[in-house]
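Scroll down for the structure; my scribbles are underneath it.
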Amino acid sequence: EITVSDPKSNFGIVCDVDDTVMVTALPRILLAAWNTFVLDEHARRPVPGMAVLLNKFGAQYPNAMTFYLSTGPWNIAPTLERFLSRHMYPRGPFLLTDWGATPERAFRSGREHKRESLKRLALEFPDTKWVLVGDDGQHDEKIYGEFAHQNPGRVLAVVIRQLSTPEAVLAGSNPVHPEPAAGTTWVYGHNGAEIAEKLFEAKILGGNLRH
């Protein structure tokens, strides 16, 4: 399937996958192997309220696109699509990686994949303002913060789902909160309901994001 963006839309969402929309409950060191070889969406559970949160954005801006950005390889795309559909997440293009080595390293860099994907979106959609959704399990805060500083006025909000203590232990989480970029709202919460409430308070949801 091909997604064609509405030229009248100037709002988009980039959403991380692991620990943001789904919880695998595996040590991060095993996640790549799990994603590659154990393709069973039933073994993963959705993060409470995140589908509702993303659909609230879709209801407010029905022509907006949602991109799912993951360090997982392309062979998980069918599994990921089934999972998102089953749990009523909005449909959207995937930005995944190729499995295998690069000329510089034995394994591809997930951080560089996310940085390059965001740069690509900024170039291909120059008039779009973004809400970036991730978690504090690894590097989303730093990567999203860098993007917001490099693209002033282009990031309306950075939304960070805070992991529970067991999830943080499995992920090896040691969050470092970057300096927020001017004009960008940072919102934290443990689930979609907490985050939605704070976005309403900040008028990111329920307000007019076009100005």
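As shown in the structure tokens, the chain order sets the letters A, B, ...; within each chain, residues go from 1, and ligands are also counted from 1 in the order they appear.
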
Spatial neighbours of stretch 115-128 of chain A, 8 Å, only C-alpha atoms, chain gap at least 6 places, as a VMD selection string
chain A and resid 9 to 12 69 95 143 147 154

Would you mind exporting the chosen residues as a compact mmCIF listing (two decimals), in the first residue's frame, restricted to N, CA, C and O atoms?
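After the write, out-v1.txt holds the following:
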```txt
# COMPACT_ATOMS: atom_id res chain seq x y z
N SER A 9 -2.26 19.44 4.30
CA SER A 9 -1.90 19.12 5.69
C SER A 9 -0.51 19.66 6.02
O SER A 9 0.42 19.55 5.23
N ASN A 10 -0.39 20.24 7.22
CA ASN A 10 0.93 20.71 7.66
C ASN A 10 1.24 20.20 9.07
O ASN A 10 1.94 20.84 9.83
N PHE A 11 0.70 19.03 9.39
CA PHE A 11 0.90 18.46 10.72
C PHE A 11 1.16 16.97 10.60
O PHE A 11 0.47 16.27 9.85
N GLY A 12 2.17 16.48 11.30
CA GLY A 12 2.49 15.06 11.25
C GLY A 12 2.98 14.55 12.59
O GLY A 12 3.41 15.32 13.45
N LEU A 69 8.35 4.97 13.51
CA LEU A 69 9.81 4.94 13.39
C LEU A 69 10.37 3.90 14.36
O LEU A 69 10.18 4.02 15.57
N LEU A 95 8.99 3.35 9.08
CA LEU A 95 10.38 3.71 8.81
C LEU A 95 11.23 2.73 9.61
O LEU A 95 11.54 2.93 10.77
N ILE A 143 17.61 12.24 20.72
CA ILE A 143 17.45 12.35 19.27
C ILE A 143 16.39 13.38 18.92
O ILE A 143 16.58 14.23 18.05
N PHE A 147 16.82 17.09 17.04
CA PHE A 147 16.04 17.46 15.87
C PHE A 147 15.30 18.78 16.11
O PHE A 147 15.23 19.63 15.21
N ARG A 154 9.75 23.81 14.03
CA ARG A 154 9.18 22.69 13.28
C ARG A 154 8.63 21.59 14.19
O ARG A 154 7.90 20.71 13.73
```

d(atom CA of A:Glu167, atom CA of A:Thr66) in Å
25.1 Å

Restrict the calculation to only C-alpha atoms, then for each residue of stretch 128-201 of chain A with any atom at most 12 Å from an atom of stretch 71-84 of chain A give the closest atom pair and their distance in Å to one decimal, rows by chain and rising residue number, as JSON lines.
```
{"residue": "A:Gln138", "atom": "CA", "partner": "A:Thr71", "partner_atom": "CA", "distance": 11.5}
{"residue": "A:His139", "atom": "CA", "partner": "A:Thr71", "partner_atom": "CA", "distance": 11.4}
{"residue": "A:Asp140", "atom": "CA", "partner": "A:Thr71", "partner_atom": "CA", "distance": 11.3}
```

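Candidate residues A:Tyr144, A:Tyr61, A:Phe200, A:Tyr68 were compared for distance to A:Thr97, and the nearest is A:Tyr68, using only C-alpha atoms.
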
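Of the listed residues A:Ser70, A:Thr184, A:Ser5, A:Asn151, the one whose atoms come nearest to A:Met22 is A:Ser70, with distances taken using only C-alpha atoms.
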
Would you list the contacts of A:His190 as an MDAnalysis selection string, taking every protein, DNA or RNA residue within 7 Å and counting only C-alpha atoms, but skipping same-chain residues closer than 5 positions in sequence?
chainID A and resid 161:163

Deliver the residues from the most recent selection as a file, using all heavy atoms, as a PDB file, in the first residue's frame.
```
ATOM      1  N   ARG A 161       6.962   8.764  26.699  1.00  0.00           N
ATOM      2  CA  ARG A 161       6.331   7.809  27.598  1.00  0.00           C
ATOM      3  C   ARG A 161       7.387   7.312  28.587  1.00  0.00           C
ATOM      4  O   ARG A 161       8.454   6.824  28.202  1.00  0.00           O
ATOM      5  CB  ARG A 161       5.761   6.647  26.787  1.00  0.00           C
ATOM      6  CG  ARG A 161       4.958   5.689  27.661  1.00  0.00           C
ATOM      7  CD  ARG A 161       5.432   4.268  27.488  1.00  0.00           C
ATOM      8  NE  ARG A 161       4.921   3.423  28.566  1.00  0.00           N
ATOM      9  CZ  ARG A 161       5.325   2.192  28.779  1.00  0.00           C
ATOM     10  NH1 ARG A 161       6.235   1.639  27.997  1.00  0.00           N
ATOM     11  NH2 ARG A 161       4.847   1.495  29.786  1.00  0.00           N
ATOM     12  N   GLN A 162       7.093   7.472  29.882  1.00  0.00           N
ATOM     13  CA  GLN A 162       8.022   7.050  30.924  1.00  0.00           C
ATOM     14  C   GLN A 162       7.805   5.571  31.240  1.00  0.00           C
ATOM     15  O   GLN A 162       6.689   5.142  31.531  1.00  0.00           O
ATOM     16  CB  GLN A 162       7.808   7.888  32.184  1.00  0.00           C
ATOM     17  CG  GLN A 162       8.155   9.362  31.989  1.00  0.00           C
ATOM     18  CD  GLN A 162       7.722  10.209  33.153  1.00  0.00           C
ATOM     19  OE1 GLN A 162       6.545  10.263  33.487  1.00  0.00           O
ATOM     20  NE2 GLN A 162       8.676  10.877  33.779  1.00  0.00           N
ATOM     21  N   LEU A 163       8.864   4.799  31.184  1.00  0.00           N
ATOM     22  CA  LEU A 163       8.776   3.373  31.444  1.00  0.00           C
ATOM     23  C   LEU A 163       8.518   3.097  32.920  1.00  0.00           C
ATOM     24  O   LEU A 163       8.940   3.872  33.792  1.00  0.00           O
ATOM     25  CB  LEU A 163      10.067   2.671  31.017  1.00  0.00           C
ATOM     26  CG  LEU A 163      10.179   2.221  29.555  1.00  0.00           C
ATOM     27  CD1 LEU A 163      10.065   3.402  28.594  1.00  0.00           C
ATOM     28  CD2 LEU A 163      11.484   1.476  29.327  1.00  0.00           C
TER      29      LEU A 163
END
```

Please measure the separation of atom CA of A:Cys15 and atom CA of A:Ala51, giving the value in Å to one decimal.
11.0 Å

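For the set A:Gln150, A:Val155, A:His113, A:Val187, the residue with the smallest atom-to-atom gap to A:Trp130 is A:Val155, counting only C-alpha atoms.
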
As a short mmCIF file (atom, residue, chain, number, x, y, z; two decimals) with N, CA and C atoms, in the first residue's frame, please: the residues near A:Phe57 (cut-off 12 Å, only C-alpha atoms, same-chain neighbours under 2 positions excluded).
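Listed below is the output, part.cif:
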```
data_model
loop_
_atom_site.label_atom_id
_atom_site.label_comp_id
_atom_site.auth_asym_id
_atom_site.auth_seq_id
_atom_site.Cartn_x
_atom_site.Cartn_y
_atom_site.Cartn_z
N PHE A 11 0.70 19.03 9.39
CA PHE A 11 0.90 18.46 10.72
C PHE A 11 1.16 16.97 10.60
N GLY A 12 2.17 16.48 11.30
CA GLY A 12 2.49 15.06 11.25
C GLY A 12 2.98 14.55 12.59
N ILE A 13 2.89 13.24 12.76
CA ILE A 13 3.32 12.58 13.98
C ILE A 13 4.38 11.55 13.62
N VAL A 14 5.46 11.53 14.38
CA VAL A 14 6.46 10.47 14.29
C VAL A 14 6.41 9.72 15.60
N MET A 50 -2.18 4.56 24.41
CA MET A 50 -1.42 5.21 23.35
C MET A 50 -2.18 5.22 22.03
N ALA A 51 -2.94 4.17 21.74
CA ALA A 51 -3.73 4.17 20.51
C ALA A 51 -4.78 5.28 20.56
N VAL A 52 -5.43 5.45 21.72
CA VAL A 52 -6.41 6.52 21.88
C VAL A 52 -5.76 7.88 21.69
N LEU A 53 -4.57 8.06 22.25
CA LEU A 53 -3.86 9.32 22.12
C LEU A 53 -3.59 9.65 20.65
N LEU A 54 -3.04 8.70 19.91
CA LEU A 54 -2.72 8.96 18.50
C LEU A 54 -3.99 9.21 17.70
N ASN A 55 -5.07 8.52 18.04
CA ASN A 55 -6.33 8.74 17.33
C ASN A 55 -6.94 10.10 17.66
N ALA A 59 -8.22 12.67 14.92
CA ALA A 59 -9.54 13.27 14.90
C ALA A 59 -9.46 14.79 14.76
N GLN A 60 -8.43 15.38 15.38
CA GLN A 60 -8.28 16.83 15.31
C GLN A 60 -7.75 17.26 13.95
N TYR A 61 -6.86 16.45 13.39
CA TYR A 61 -6.26 16.77 12.10
C TYR A 61 -6.37 15.54 11.20
N PRO A 62 -7.52 15.32 10.59
CA PRO A 62 -7.77 14.07 9.86
C PRO A 62 -6.87 13.87 8.65
N ASN A 63 -6.23 14.92 8.14
CA ASN A 63 -5.36 14.78 6.98
C ASN A 63 -3.90 14.59 7.36
N ALA A 64 -3.63 14.56 8.66
CA ALA A 64 -2.25 14.39 9.11
C ALA A 64 -1.80 12.96 8.92
N MET A 65 -0.49 12.78 8.78
CA MET A 65 0.08 11.44 8.64
C MET A 65 0.80 11.04 9.92
N THR A 66 0.73 9.75 10.24
CA THR A 66 1.47 9.18 11.35
C THR A 66 2.52 8.23 10.80
N TYR A 89 -4.54 1.21 16.40
CA TYR A 89 -3.67 2.36 16.17
C TYR A 89 -3.96 2.92 14.78
N PRO A 90 -3.78 4.21 14.57
CA PRO A 90 -3.97 4.76 13.22
C PRO A 90 -2.97 4.16 12.24
N TRP A 130 5.74 18.99 13.52
CA TRP A 130 5.74 17.62 14.01
C TRP A 130 5.46 17.50 15.49
N VAL A 131 4.82 16.41 15.85
CA VAL A 131 4.80 15.92 17.22
C VAL A 131 5.59 14.62 17.22
N VAL A 133 6.89 11.33 19.21
CA VAL A 133 6.45 10.48 20.33
C VAL A 133 7.47 9.36 20.53
N ALA A 196 -2.20 12.50 27.34
CA ALA A 196 -3.28 13.27 26.71
C ALA A 196 -3.72 14.40 27.61
N LEU A 199 -1.26 17.15 27.39
CA LEU A 199 -1.31 17.81 26.08
C LEU A 199 -2.53 18.73 25.99
N PHE A 200 -3.64 18.35 26.60
CA PHE A 200 -4.79 19.24 26.66
C PHE A 200 -4.48 20.47 27.49
N ILE A 204 -1.91 21.61 23.18
CA ILE A 204 -1.42 20.94 21.99
C ILE A 204 -2.55 20.09 21.40
N LEU A 205 -3.32 19.46 22.29
CA LEU A 205 -4.56 18.82 21.89
C LEU A 205 -5.72 19.74 22.24
N GLY A 206 -6.69 19.80 21.35
CA GLY A 206 -7.85 20.65 21.61
C GLY A 206 -7.67 22.10 21.20
N GLY A 207 -6.43 22.47 20.84
CA GLY A 207 -6.17 23.83 20.39
C GLY A 207 -5.98 23.86 18.89
N ASN A 208 -5.48 24.96 18.38
CA ASN A 208 -5.22 25.10 16.95
C ASN A 208 -3.72 25.09 16.74
N LEU A 209 -3.20 24.00 16.19
CA LEU A 209 -1.76 23.85 16.02
C LEU A 209 -1.23 24.54 14.76
#
```

A:Pro152, A:Gly183, A:Gly58, A:Pro48 ranked by distance to A:Thr20, top pick (using only C-alpha atoms):
A:Pro48

Quick one: residues within 8 Å of A:Gly145, only C-alpha atoms counted, chain neighbours fewer than 6 positions away excluded, as a PyMOL selection string?
chain A and resi 158+178-181

I need the residues from that last selection saved to file as a compact mmCIF listing (two decimals), in the first residue's frame (with all heavy atoms), if you can.
```txt
# COMPACT_ATOMS: atom_id res chain seq x y z
N VAL A 158 7.33 17.31 21.99
CA VAL A 158 8.01 16.03 22.17
C VAL A 158 7.28 15.30 23.28
O VAL A 158 7.16 15.82 24.40
CB VAL A 158 9.50 16.21 22.53
CG1 VAL A 158 10.13 14.87 22.86
CG2 VAL A 158 10.25 16.88 21.39
N PRO A 178 17.37 16.28 27.89
CA PRO A 178 18.09 17.36 27.20
C PRO A 178 17.46 18.72 27.46
O PRO A 178 16.33 18.83 27.96
CB PRO A 178 17.96 16.97 25.73
CG PRO A 178 16.69 16.20 25.67
CD PRO A 178 16.58 15.47 26.98
N GLU A 179 18.18 19.76 27.12
CA GLU A 179 17.66 21.12 27.23
C GLU A 179 16.57 21.31 26.19
O GLU A 179 16.81 21.15 24.99
CB GLU A 179 18.78 22.14 27.01
CG GLU A 179 18.37 23.58 27.20
CD GLU A 179 18.09 23.92 28.65
OE1 GLU A 179 18.61 23.22 29.55
OE2 GLU A 179 17.34 24.88 28.88
N PRO A 180 15.34 21.66 26.61
CA PRO A 180 14.26 21.82 25.63
C PRO A 180 14.54 22.94 24.64
O PRO A 180 15.12 23.97 24.99
CB PRO A 180 13.04 22.15 26.50
CG PRO A 180 13.39 21.64 27.87
CD PRO A 180 14.87 21.82 27.99
N ALA A 181 14.14 22.72 23.39
CA ALA A 181 14.28 23.75 22.37
C ALA A 181 13.17 24.78 22.51
O ALA A 181 12.04 24.44 22.90
CB ALA A 181 14.23 23.12 20.97
```
